[in-house]
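Novice: Provided below: work_23.cif, containing mmCIF, C-alpha atoms and all ligand atoms.
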data_protein
#
loop_
_atom_site.label_atom_id
_atom_site.label_comp_id
_atom_site.auth_asym_id
_atom_site.auth_seq_id
_atom_site.Cartn_x
_atom_site.Cartn_y
_atom_site.Cartn_z
CA MET K 5 8.70 -51.97 149.37
CA ILE K 6 6.03 -50.07 151.30
CA GLN K 7 2.70 -51.88 150.97
CA ILE K 8 -0.24 -49.85 149.75
CA ASP K 9 -3.75 -51.16 149.17
CA LEU K 10 -5.36 -49.77 146.02
CA THR K 11 -8.51 -51.90 146.15
CA GLY K 12 -11.37 -49.94 144.61
CA GLN K 13 -9.08 -47.61 142.69
CA VAL K 14 -8.57 -47.63 138.95
CA ALA K 15 -5.27 -47.16 137.14
CA VAL K 16 -5.15 -46.63 133.38
CA VAL K 17 -1.86 -47.41 131.63
CA THR K 18 -1.49 -46.44 127.97
CA GLY K 19 0.90 -48.72 126.13
CA GLY K 20 0.36 -51.36 128.79
CA SER K 21 1.03 -54.34 126.54
CA SER K 22 4.83 -54.32 126.76
CA GLY K 23 7.91 -53.09 128.62
CA ILE K 24 7.43 -50.36 131.19
CA GLY K 25 3.66 -50.19 130.72
CA LEU K 26 3.21 -53.91 131.30
CA ALA K 27 5.42 -53.83 134.40
CA THR K 28 3.38 -50.89 135.67
CA ALA K 29 0.09 -52.70 135.10
CA GLU K 30 1.52 -55.65 137.08
CA LEU K 31 2.48 -53.43 139.99
CA PHE K 32 -0.97 -51.82 140.19
CA LEU K 33 -2.70 -55.20 139.99
CA ARG K 34 -0.45 -56.53 142.74
CA ALA K 35 -1.55 -53.59 144.92
CA GLY K 36 -5.22 -54.49 144.32
CA ALA K 37 -6.14 -51.78 141.82
CA SER K 38 -8.39 -52.34 138.83
CA VAL K 39 -6.32 -51.73 135.72
CA ALA K 40 -7.03 -50.74 132.12
CA ILE K 41 -4.35 -51.08 129.46
CA CYS K 42 -4.25 -50.25 125.78
CA GLY K 43 -1.97 -50.69 122.77
CA ARG K 44 -2.33 -50.70 118.99
CA ASP K 45 -1.38 -54.30 118.23
CA GLY K 46 -4.29 -56.56 119.21
CA GLU K 47 -2.15 -59.68 119.36
CA ARG K 48 0.46 -58.16 121.66
CA LEU K 49 -2.32 -56.76 123.83
CA ALA K 50 -4.07 -60.14 124.04
CA GLN K 51 -0.79 -61.79 125.08
CA ALA K 52 -0.31 -59.21 127.82
CA GLU K 53 -3.90 -59.66 128.97
CA THR K 54 -3.47 -63.42 129.17
CA ALA K 55 -0.17 -63.09 131.05
CA LEU K 56 -1.68 -60.66 133.57
CA ASN K 57 -4.82 -62.77 134.05
CA THR K 58 -2.63 -65.84 134.63
CA GLN K 59 -0.49 -64.02 137.17
CA PHE K 60 -3.48 -62.36 138.87
CA PRO K 61 -6.46 -64.72 138.43
CA HIS K 62 -8.83 -62.35 140.27
CA ALA K 63 -7.60 -59.28 138.41
CA GLN K 64 -10.03 -56.57 137.43
CA LEU K 65 -8.39 -55.96 134.08
CA LEU K 66 -9.58 -54.26 130.91
CA ALA K 67 -7.45 -54.48 127.76
CA ARG K 68 -8.52 -52.55 124.70
CA THR K 69 -6.85 -51.74 121.39
CA CYS K 70 -6.40 -48.01 121.06
CA ASP K 71 -3.94 -45.76 119.27
CA VAL K 72 -3.38 -42.79 121.55
CA LEU K 73 -2.94 -40.62 118.46
CA ASN K 74 -6.51 -41.32 117.39
CA ALA K 75 -8.91 -39.06 119.30
CA ASP K 76 -11.94 -41.27 118.64
CA GLU K 77 -10.15 -44.40 119.82
CA VAL K 78 -8.95 -42.64 122.97
CA ALA K 79 -12.48 -41.41 123.69
CA ALA K 80 -13.80 -44.95 123.16
CA PHE K 81 -11.12 -46.33 125.52
CA ALA K 82 -12.12 -43.81 128.21
CA GLN K 83 -15.78 -44.71 127.68
CA ALA K 84 -14.96 -48.43 128.01
CA VAL K 85 -13.12 -47.76 131.27
CA HIS K 86 -16.09 -45.75 132.54
CA THR K 87 -18.55 -48.47 131.57
CA ARG K 88 -16.47 -51.25 133.17
CA PHE K 89 -15.11 -49.55 136.28
CA GLY K 90 -17.06 -46.27 136.57
CA ARG K 91 -13.98 -44.29 137.53
CA THR K 92 -10.33 -43.47 136.94
CA ASP K 93 -8.02 -42.45 139.78
CA MET K 94 -4.60 -42.66 138.12
CA LEU K 95 -3.61 -42.18 134.49
CA ILE K 96 -0.19 -43.31 133.33
CA ASN K 97 0.70 -41.77 129.96
CA ASN K 98 3.31 -44.26 128.81
CA ALA K 99 2.55 -45.21 125.17
CA GLY K 100 5.19 -44.34 122.62
CA GLN K 101 8.64 -45.00 121.27
CA GLY K 102 11.81 -43.05 120.48
CA ARG K 103 13.15 -41.98 117.09
CA VAL K 104 16.84 -42.30 116.26
CA SER K 105 17.78 -39.61 113.73
CA THR K 106 20.13 -36.65 113.43
CA PHE K 107 19.13 -33.21 112.18
CA ALA K 108 20.55 -34.09 108.76
CA ASP K 109 18.37 -37.14 108.33
CA THR K 110 15.10 -35.95 109.89
CA SER K 111 12.56 -34.87 107.27
CA ASP K 112 9.72 -32.42 107.93
CA ASP K 113 7.29 -35.32 107.99
CA ALA K 114 9.46 -37.16 110.53
CA TRP K 115 9.57 -34.03 112.74
CA ARG K 116 5.78 -33.70 112.57
CA GLU K 117 5.28 -37.39 113.32
CA GLU K 118 7.57 -37.26 116.35
CA LEU K 119 6.10 -34.05 117.76
CA ASP K 120 2.63 -35.47 117.20
CA LEU K 121 3.47 -38.69 119.05
CA LYS K 122 5.19 -37.08 122.02
CA TYR K 123 2.64 -34.30 122.57
CA PHE K 124 -0.61 -36.03 121.69
CA SER K 125 0.22 -39.23 123.59
CA VAL K 126 -0.06 -36.99 126.65
CA ILE K 127 -2.70 -34.50 125.49
CA ARG K 128 -5.36 -36.92 124.17
CA PRO K 129 -5.51 -39.45 127.04
CA THR K 130 -5.27 -36.66 129.63
CA ARG K 131 -8.17 -34.81 128.03
CA ALA K 132 -10.27 -37.97 127.70
CA PHE K 133 -9.74 -39.17 131.28
CA LEU K 134 -9.87 -35.75 132.95
CA PRO K 135 -13.62 -35.86 133.78
CA MET K 136 -13.12 -39.13 135.70
CA LEU K 137 -9.99 -37.84 137.42
CA ARG K 138 -11.93 -34.72 138.44
CA ASP K 139 -14.69 -36.90 139.89
CA ALA K 140 -12.15 -38.88 141.92
CA ALA K 141 -10.48 -35.71 143.19
CA GLY K 142 -13.87 -34.11 143.87
CA ALA K 143 -14.75 -37.10 146.06
CA GLY K 144 -11.60 -36.43 148.07
CA LYS K 145 -9.62 -39.32 146.55
CA ASN K 146 -6.11 -39.33 145.21
CA ALA K 147 -6.13 -38.33 141.52
CA ALA K 148 -2.96 -38.29 139.48
CA VAL K 149 -1.49 -38.21 136.00
CA VAL K 150 2.03 -39.54 135.56
CA CYS K 151 3.87 -39.36 132.26
CA VAL K 152 6.78 -41.45 131.06
CA ASN K 153 9.28 -38.93 129.75
CA SER K 154 12.95 -39.23 129.00
CA LEU K 155 16.14 -37.73 130.38
CA LEU K 156 16.56 -36.44 126.82
CA ALA K 157 14.20 -33.65 127.92
CA LEU K 158 17.04 -32.17 129.98
CA GLN K 159 20.06 -33.78 128.31
CA PRO K 160 19.48 -33.85 124.54
CA GLU K 161 21.28 -36.30 122.27
CA PRO K 162 22.05 -35.15 118.71
CA HIS K 163 21.40 -38.65 117.37
CA MET K 164 17.84 -38.37 118.70
CA VAL K 165 17.29 -34.75 117.79
CA ALA K 166 13.52 -34.81 117.28
CA THR K 167 12.80 -37.01 120.29
CA SER K 168 15.02 -34.86 122.54
CA SER K 169 13.38 -31.66 121.39
CA ALA K 170 9.87 -33.07 121.77
CA ARG K 171 10.69 -34.47 125.22
CA ALA K 172 11.77 -31.01 126.43
CA GLY K 173 8.51 -29.53 125.17
CA VAL K 174 6.51 -32.25 126.87
CA LEU K 175 8.27 -31.58 130.17
CA SER K 176 7.11 -27.99 129.85
CA LEU K 177 3.58 -29.14 128.99
CA ILE K 178 3.48 -31.39 132.06
CA LYS K 179 4.52 -28.52 134.33
CA SER K 180 1.82 -26.21 132.94
CA LEU K 181 -0.74 -28.98 133.28
CA ALA K 182 0.31 -29.60 136.88
CA VAL K 183 -0.25 -25.97 137.84
CA GLU K 184 -3.57 -25.77 135.97
CA LEU K 185 -4.89 -28.94 137.60
CA ALA K 186 -3.50 -28.38 141.12
CA PRO K 187 -6.55 -26.35 142.29
CA GLN K 188 -8.67 -29.33 141.19
CA ARG K 189 -6.47 -31.56 143.39
CA ILE K 190 -5.14 -33.56 140.46
CA ARG K 191 -1.39 -34.08 140.64
CA VAL K 192 0.72 -34.28 137.46
CA ASN K 193 4.26 -35.62 137.46
CA SER K 194 6.67 -37.52 135.24
CA ILE K 195 9.63 -39.83 135.25
CA LEU K 196 12.73 -39.14 133.19
CA ILE K 197 14.21 -42.40 132.10
CA GLY K 198 17.55 -43.24 130.59
CA ILE K 199 17.72 -46.67 129.03
CA VAL K 200 15.25 -49.28 130.21
CA GLU K 201 15.14 -52.86 128.88
CA SER K 202 11.94 -53.13 126.90
CA GLY K 203 10.33 -54.12 123.63
CA GLN K 204 11.95 -51.22 121.78
CA TRP K 205 15.45 -52.32 122.91
CA ARG K 206 14.70 -55.98 122.15
CA ARG K 207 13.82 -54.90 118.60
CA ARG K 208 17.07 -52.88 118.29
CA TYR K 209 19.04 -55.87 119.62
CA ALA K 210 17.44 -58.07 116.92
CA LYS K 211 18.52 -55.57 114.25
CA GLU K 212 21.90 -54.37 115.51
CA ALA K 213 23.59 -57.12 117.56
CA GLN K 214 26.52 -59.06 116.08
CA PRO K 215 25.69 -62.63 115.08
CA GLY K 216 25.88 -64.80 118.21
CA GLN K 217 26.05 -61.81 120.59
CA SER K 218 23.84 -62.42 123.63
CA TRP K 219 21.33 -59.85 124.93
CA GLU K 220 23.38 -59.57 128.15
CA ASP K 221 26.63 -58.87 126.26
CA TRP K 222 24.96 -56.43 123.89
CA THR K 223 23.31 -54.41 126.69
CA ALA K 224 26.49 -54.46 128.84
CA GLU K 225 28.53 -53.14 125.90
CA LEU K 226 25.97 -50.38 125.27
CA ALA K 227 25.89 -49.46 128.97
CA ARG K 228 29.70 -49.08 128.86
CA LYS K 229 29.61 -47.03 125.64
CA LYS K 230 26.91 -44.78 127.05
CA ASN K 231 28.77 -44.28 130.35
CA ILE K 232 25.87 -45.33 132.53
CA PRO K 233 27.27 -44.98 136.08
CA LEU K 234 25.24 -47.93 137.41
CA GLY K 235 26.70 -50.00 134.56
CA ARG K 236 23.52 -51.55 133.16
CA PHE K 237 20.17 -50.83 131.55
CA GLY K 238 17.26 -50.17 133.89
CA ARG K 239 14.57 -52.81 134.26
CA PRO K 240 10.92 -52.08 133.41
CA GLU K 241 9.89 -52.71 137.01
CA GLU K 242 12.35 -50.04 138.19
CA ALA K 243 10.59 -47.46 136.01
CA ALA K 244 7.24 -48.88 137.12
CA GLN K 245 8.08 -48.38 140.80
CA ALA K 246 8.77 -44.68 140.23
CA LEU K 247 5.50 -44.36 138.30
CA PHE K 248 3.67 -46.13 141.12
CA TYR K 249 5.14 -43.76 143.70
CA LEU K 250 4.09 -40.69 141.72
CA ALA K 251 0.60 -42.06 141.00
CA THR K 252 -0.33 -42.96 144.57
CA THR K 253 -0.67 -41.19 147.90
CA LEU K 254 2.94 -42.13 148.62
CA SER K 255 3.68 -38.83 146.83
CA SER K 256 0.59 -36.89 147.96
CA TYR K 257 2.49 -33.57 148.33
CA THR K 258 4.33 -33.84 145.00
CA THR K 259 3.16 -32.28 141.76
CA SER K 260 4.86 -30.60 138.77
CA SER K 261 7.89 -32.74 139.50
CA HIS K 262 9.90 -35.57 138.00
CA ILE K 263 11.96 -38.53 139.12
CA ASP K 264 15.19 -39.44 137.36
CA VAL K 265 15.38 -43.15 136.55
CA SER K 266 18.53 -43.07 134.45
CA GLY K 267 21.11 -45.01 136.45
CA GLY K 268 23.07 -41.81 137.08
CA VAL K 269 23.37 -40.61 133.48
CA ALA K 270 22.08 -37.11 134.33
CA ARG K 271 25.06 -34.77 134.57
CA HIS K 272 23.36 -31.52 135.59
CA VAL K 273 23.48 -30.29 139.18
P1 LIG K 301 7.83 -50.94 124.51
O1 LIG K 301 7.97 -50.91 123.02
O2 LIG K 301 8.19 -52.17 125.25
O3 LIG K 301 6.34 -50.55 124.90
C1 LIG K 301 5.66 -49.50 124.27
C2 LIG K 301 4.18 -49.68 124.53
O4 LIG K 301 3.47 -48.58 123.98
C3 LIG K 301 3.61 -50.93 123.85
O5 LIG K 301 2.56 -51.43 124.64
C4 LIG K 301 3.07 -50.37 122.55
O6 LIG K 301 2.10 -51.24 122.00
C5 LIG K 301 2.50 -49.06 123.05
N1 LIG K 301 2.34 -48.01 122.04
C6 LIG K 301 3.27 -47.47 121.24
N2 LIG K 301 2.72 -46.51 120.46
C7 LIG K 301 1.40 -46.46 120.80
C8 LIG K 301 0.30 -45.69 120.36
N3 LIG K 301 0.44 -44.76 119.41
N4 LIG K 301 -0.90 -45.90 120.93
C9 LIG K 301 -1.07 -46.82 121.89
N5 LIG K 301 -0.06 -47.59 122.35
C10 LIG K 301 1.16 -47.41 121.80
O7 LIG K 301 8.70 -49.72 124.98
P2 LIG K 301 9.00 -49.05 126.41
O8 LIG K 301 8.38 -49.80 127.52
O9 LIG K 301 10.43 -48.77 126.43
O10 LIG K 301 8.28 -47.66 126.19
C11 LIG K 301 7.45 -47.03 127.14
C12 LIG K 301 7.65 -45.53 127.07
O11 LIG K 301 8.95 -45.20 127.57
C13 LIG K 301 7.56 -44.94 125.66
O12 LIG K 301 6.85 -43.74 125.68
C14 LIG K 301 9.02 -44.71 125.31
O13 LIG K 301 9.21 -43.69 124.34
C15 LIG K 301 9.57 -44.29 126.68
N6 LIG K 301 11.01 -44.37 126.79
C16 LIG K 301 11.62 -45.59 126.84
C17 LIG K 301 12.99 -45.68 126.94
C18 LIG K 301 13.69 -47.00 127.07
O14 LIG K 301 14.93 -47.01 127.12
N7 LIG K 301 12.99 -48.11 127.12
C19 LIG K 301 13.83 -44.47 126.98
C20 LIG K 301 13.09 -43.25 126.96
C21 LIG K 301 11.72 -43.22 126.87
P3 LIG K 301 1.78 -51.23 120.40
O15 LIG K 301 3.08 -51.12 119.68
O16 LIG K 301 1.04 -52.50 120.18
O17 LIG K 301 0.92 -50.03 120.20
#
Would you mind writing the file out in structure tokens?

Specialist:
Amino acid sequence: MIQIDLTGQVAVVTGGSSGIGLATAELFLRAGASVAICGRDGERLAQAETALNTQFPHAQLLARTCDVLNADEVAAFAQAVHTRFGRTDMLINNAGQGRVSTFADTSDDAWREELDLKYFSVIRPTRAFLPMLRDAAGAGKNAAVVCVNSLLALQPEPHMVATSSARAGVLSLIKSLAVELAPQRIRVNSILIGIVESGQWRRRYAKEAQPGQSWEDWTAELARKKNIPLGRFGRPEEAAQALFYLATTLSSYTTSSHIDVSGGVARHV
């Protein structure tokens, strides 16, 4: 991988206590950036903080509980980042989870909840961190927002009707945001992921696997059923690398764009 030194820069990763977010925090720390992560569950967050501090003993790391759907908590998280680091250069909007439900079994409340999560997990952190991103861009530094989105945005699945629909809307939101922020020299991009091994899939494995079925067998069977051309789930670090590319000057002439990290599942030309 191309080496890039991010010493002195600050990356904020929402949902950084598990899966893709945790792998992304690792990658930024490895490149020398200061990193702030958040999540709702204090215990999971503390475990992630300990793991990162063990792996990177000199890490400049801030971990704070925050629900990205709570405007006050997001504002407090941004304030904590400002107090600790004084800046934000890169914001990774990653926090969230998918909802498995068909049209027939999705209630109005479930629709609202899903739309709320998908939109406001991007809107609230972006709004809260924008002043710091503007300062970074105004000082001539790289400033970027990268969102974790799903291939469902372009290739909806009926068994995830609300998530697919919300993902498409969020892709549109990201593109508008990119154009609005481009004159301020803040780039906005996203990744579209297929299936990536993570906490959410570990939880589904615990619920759905046959007794005695190993994680490897369960994921291989699912990869076959879902016709993933590369024949396996993605790994969190593979999503993290795409996020890293879009967040840093490696992609300095790219905005309003997305990278497919789906193992070849995308069928459109
Ligand atoms: P994980 O469950 O491993 O990680 C999700 C992270 O987000 C955790 O740190 C979790 O912590 C945090 N989180 C969830 N909801 C909130 C919230 N409201 N406020 C703050 N933090 C929150 O899953 P993934 O790594 O897979 O998920 C990362 C992103 O990728 C999500 O947005 C997910 O929807 C998306 N995605 C993942 C796919 C996959 O196959 N893995 C497929 C398509 C999209 P806590 O629960 O403690 O809050």

Novice: Select, from K:Ile178, K:Leu254, K:Gly203, K:Val192, the residue with the minimum atom-to-atom distance to Arg48 of chain K, counting all atoms listed in the file.

Specialist: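 Using all atoms listed in the file, Arg48 of chain K sits closest to K:Gly203.
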
Novice: Near segment 139-144 of chain K, within 9 Å and counting all atoms listed in the file, which residues show up once chain neighbours fewer than 3 positions away are dropped, as a tab-separated table (two decimals) with C-alpha atoms, keeping the file's coordinate frame?

Specialist:
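Just written: out-v2.tsv:
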chain	number	residue	atom	x	y	z
K	91	ARG	CA	-13.98	-44.29	137.53
K	92	THR	CA	-10.33	-43.47	136.94
K	93	ASP	CA	-8.02	-42.45	139.78
K	134	LEU	CA	-9.87	-35.75	132.95
K	135	PRO	CA	-13.62	-35.86	133.78
K	136	MET	CA	-13.12	-39.13	135.70
K	147	ALA	CA	-6.13	-38.33	141.52
K	148	ALA	CA	-2.96	-38.29	139.48
K	188	GLN	CA	-8.67	-29.33	141.19
K	189	ARG	CA	-6.47	-31.56	143.39
K	190	ILE	CA	-5.14	-33.56	140.46

Novice: How would you write, as a PyMOL selection string, the set of residues no farther than 7 Å from ligand LIG 301 (chain K) when counting only C-alpha atoms and all ligand atoms?

Specialist: chain K and resi 18-25+42-46+48-49+70-73+98-102+121+125+152-154+197-205+240

Novice: Rounded to one decimal in Å, what is the spacing between atom CA of Val149 of chain K and atom CA of Ala50 of chain K?

Specialist: 25.1 Å

Novice: K:Ser38, K:Ile195, K:Ala170, K:Thr58: which is nearest Leu119 of chain K, counting all atoms listed in the file?

Specialist: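 Among K:Ser38, K:Ile195, K:Ala170, K:Thr58, it is K:Ala170 that comes nearest to Leu119 of chain K.
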
Novice: Dump as a list in words all residues having an atom at most 12 Å from (-15.6, -54.4, 131.2), computed in the file's coordinates with all atoms listed in the file.

Specialist: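 Checked against the point, the hits come out as Ser38, Val39, Ala40, Ile41, Ala63, Gln64, Leu65, Leu66, Ala67, Arg68, Phe81, Ala82, Gln83, Ala84, Val85, His86, Thr87, Arg88, Phe89 and Gly90 of chain K.
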
Novice: What separation in Å, quoted to one decimal, exists between atom CA of Gly268 of chain K and atom CA of Gln245 of chain K?

Specialist: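 The value is 16.8 Å.
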
Novice: Considering only C-alpha atoms, can you say which of K:Tyr249, K:Tyr257, K:Phe237, K:Phe107 comes closest to Trp219 of chain K?

Specialist: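 Of all the options, K:Phe237 lies closest to Trp219 of chain K.
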
Novice: Around (-6.1, -47.9, 150.2) in the file's frame, which residues reach within 12 Å when counting all atoms listed in the file? Return as a PDB file with C-alpha atoms, in the frame of the given file?

Specialist:
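For reference, out.pdb as written:
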ATOM      1  CA  GLN K   7       2.700 -51.880 150.970  1.00  0.00           C
ATOM      2  CA  ILE K   8      -0.240 -49.850 149.750  1.00  0.00           C
ATOM      3  CA  ASP K   9      -3.750 -51.160 149.170  1.00  0.00           C
ATOM      4  CA  LEU K  10      -5.360 -49.770 146.020  1.00  0.00           C
ATOM      5  CA  THR K  11      -8.510 -51.900 146.150  1.00  0.00           C
ATOM      6  CA  GLY K  12     -11.370 -49.940 144.610  1.00  0.00           C
ATOM      7  CA  GLN K  13      -9.080 -47.610 142.690  1.00  0.00           C
ATOM      8  CA  VAL K  14      -8.570 -47.630 138.950  1.00  0.00           C
ATOM      9  CA  PHE K  32      -0.970 -51.820 140.190  1.00  0.00           C
ATOM     10  CA  ALA K  35      -1.550 -53.590 144.920  1.00  0.00           C
ATOM     11  CA  GLY K  36      -5.220 -54.490 144.320  1.00  0.00           C
ATOM     12  CA  ALA K  37      -6.140 -51.780 141.820  1.00  0.00           C
ATOM     13  CA  ASP K  93      -8.020 -42.450 139.780  1.00  0.00           C
ATOM     14  CA  LYS K 145      -9.620 -39.320 146.550  1.00  0.00           C
ATOM     15  CA  ASN K 146      -6.110 -39.330 145.210  1.00  0.00           C
ATOM     16  CA  THR K 252      -0.330 -42.960 144.570  1.00  0.00           C
ATOM     17  CA  THR K 253      -0.670 -41.190 147.900  1.00  0.00           C
ATOM     18  CA  LEU K 254       2.940 -42.130 148.620  1.00  0.00           C
TER      19      LEU K 254
END

Novice: Of the residues K:Gln51, K:Ser169, K:Thr69, K:Ser194, which is the one nearest to Leu26 of chain K, using all atoms listed in the file?

Specialist: K:Gln51

Novice: Measuring between all atoms listed in the file, which one of K:Leu185, K:Leu31, K:Leu226, K:Leu196 shows the shortest distance to Thr130 of chain K?

Specialist: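 Closest to Thr130 of chain K of all the choices is K:Leu185.
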
Novice: Quick one: of K:Arg138, K:Ala27, K:Trp222, K:Pro233, who's nearest to Ala52 of chain K, counting only C-alpha atoms?

Specialist: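 Smallest distance to Ala52 of chain K is found for K:Ala27.
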
Novice: Would you kindly place N, CA and C atoms on segment 120-132 of chain K and return the model as an mmCIF file, in the coordinates of the input?

Specialist:
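Wrote it out as part_7.cif, contents follow:
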data_model
loop_
_atom_site.group_PDB
_atom_site.id
_atom_site.type_symbol
_atom_site.label_atom_id
_atom_site.label_comp_id
_atom_site.auth_asym_id
_atom_site.auth_seq_id
_atom_site.Cartn_x
_atom_site.Cartn_y
_atom_site.Cartn_z
ATOM 1 N N ASP K 120 3.994 -34.983 117.037
ATOM 2 C CA ASP K 120 2.630 -35.470 117.200
ATOM 3 C C ASP K 120 2.572 -36.575 118.257
ATOM 4 N N LEU K 121 3.469 -37.551 118.115
ATOM 5 C CA LEU K 121 3.470 -38.690 119.050
ATOM 6 C C LEU K 121 3.738 -38.209 120.474
ATOM 7 N N LYS K 122 4.793 -37.437 120.654
ATOM 8 C CA LYS K 122 5.190 -37.080 122.020
ATOM 9 C C LYS K 122 4.146 -36.192 122.695
ATOM 10 N N TYR K 123 3.621 -35.187 121.950
ATOM 11 C CA TYR K 123 2.640 -34.300 122.570
ATOM 12 C C TYR K 123 1.279 -34.974 122.729
ATOM 13 N N PHE K 124 0.776 -35.554 121.630
ATOM 14 C CA PHE K 124 -0.610 -36.030 121.690
ATOM 15 C C PHE K 124 -0.777 -37.321 122.487
ATOM 16 N N SER K 125 0.326 -38.048 122.716
ATOM 17 C CA SER K 125 0.220 -39.230 123.590
ATOM 18 C C SER K 125 -0.017 -38.795 125.034
ATOM 19 N N VAL K 126 0.247 -37.533 125.330
ATOM 20 C CA VAL K 126 -0.060 -36.990 126.650
ATOM 21 C C VAL K 126 -1.399 -36.220 126.598
ATOM 22 N N ILE K 127 -1.531 -35.396 125.557
ATOM 23 C CA ILE K 127 -2.700 -34.500 125.490
ATOM 24 C C ILE K 127 -4.017 -35.301 125.382
ATOM 25 N N ARG K 128 -4.067 -36.252 124.440
ATOM 26 C CA ARG K 128 -5.360 -36.920 124.170
ATOM 27 C C ARG K 128 -5.845 -37.760 125.358
ATOM 28 N N PRO K 129 -5.013 -38.668 125.895
ATOM 29 C CA PRO K 129 -5.510 -39.450 127.040
ATOM 30 C C PRO K 129 -5.828 -38.548 128.253
ATOM 31 N N THR K 130 -5.010 -37.529 128.469
ATOM 32 C CA THR K 130 -5.270 -36.660 129.630
ATOM 33 C C THR K 130 -6.633 -35.992 129.462
ATOM 34 N N ARG K 131 -6.881 -35.466 128.265
ATOM 35 C CA ARG K 131 -8.170 -34.810 128.030
ATOM 36 C C ARG K 131 -9.331 -35.799 128.216
ATOM 37 N N ALA K 132 -9.171 -36.990 127.675
ATOM 38 C CA ALA K 132 -10.270 -37.970 127.700
ATOM 39 C C ALA K 132 -10.574 -38.469 129.120
#
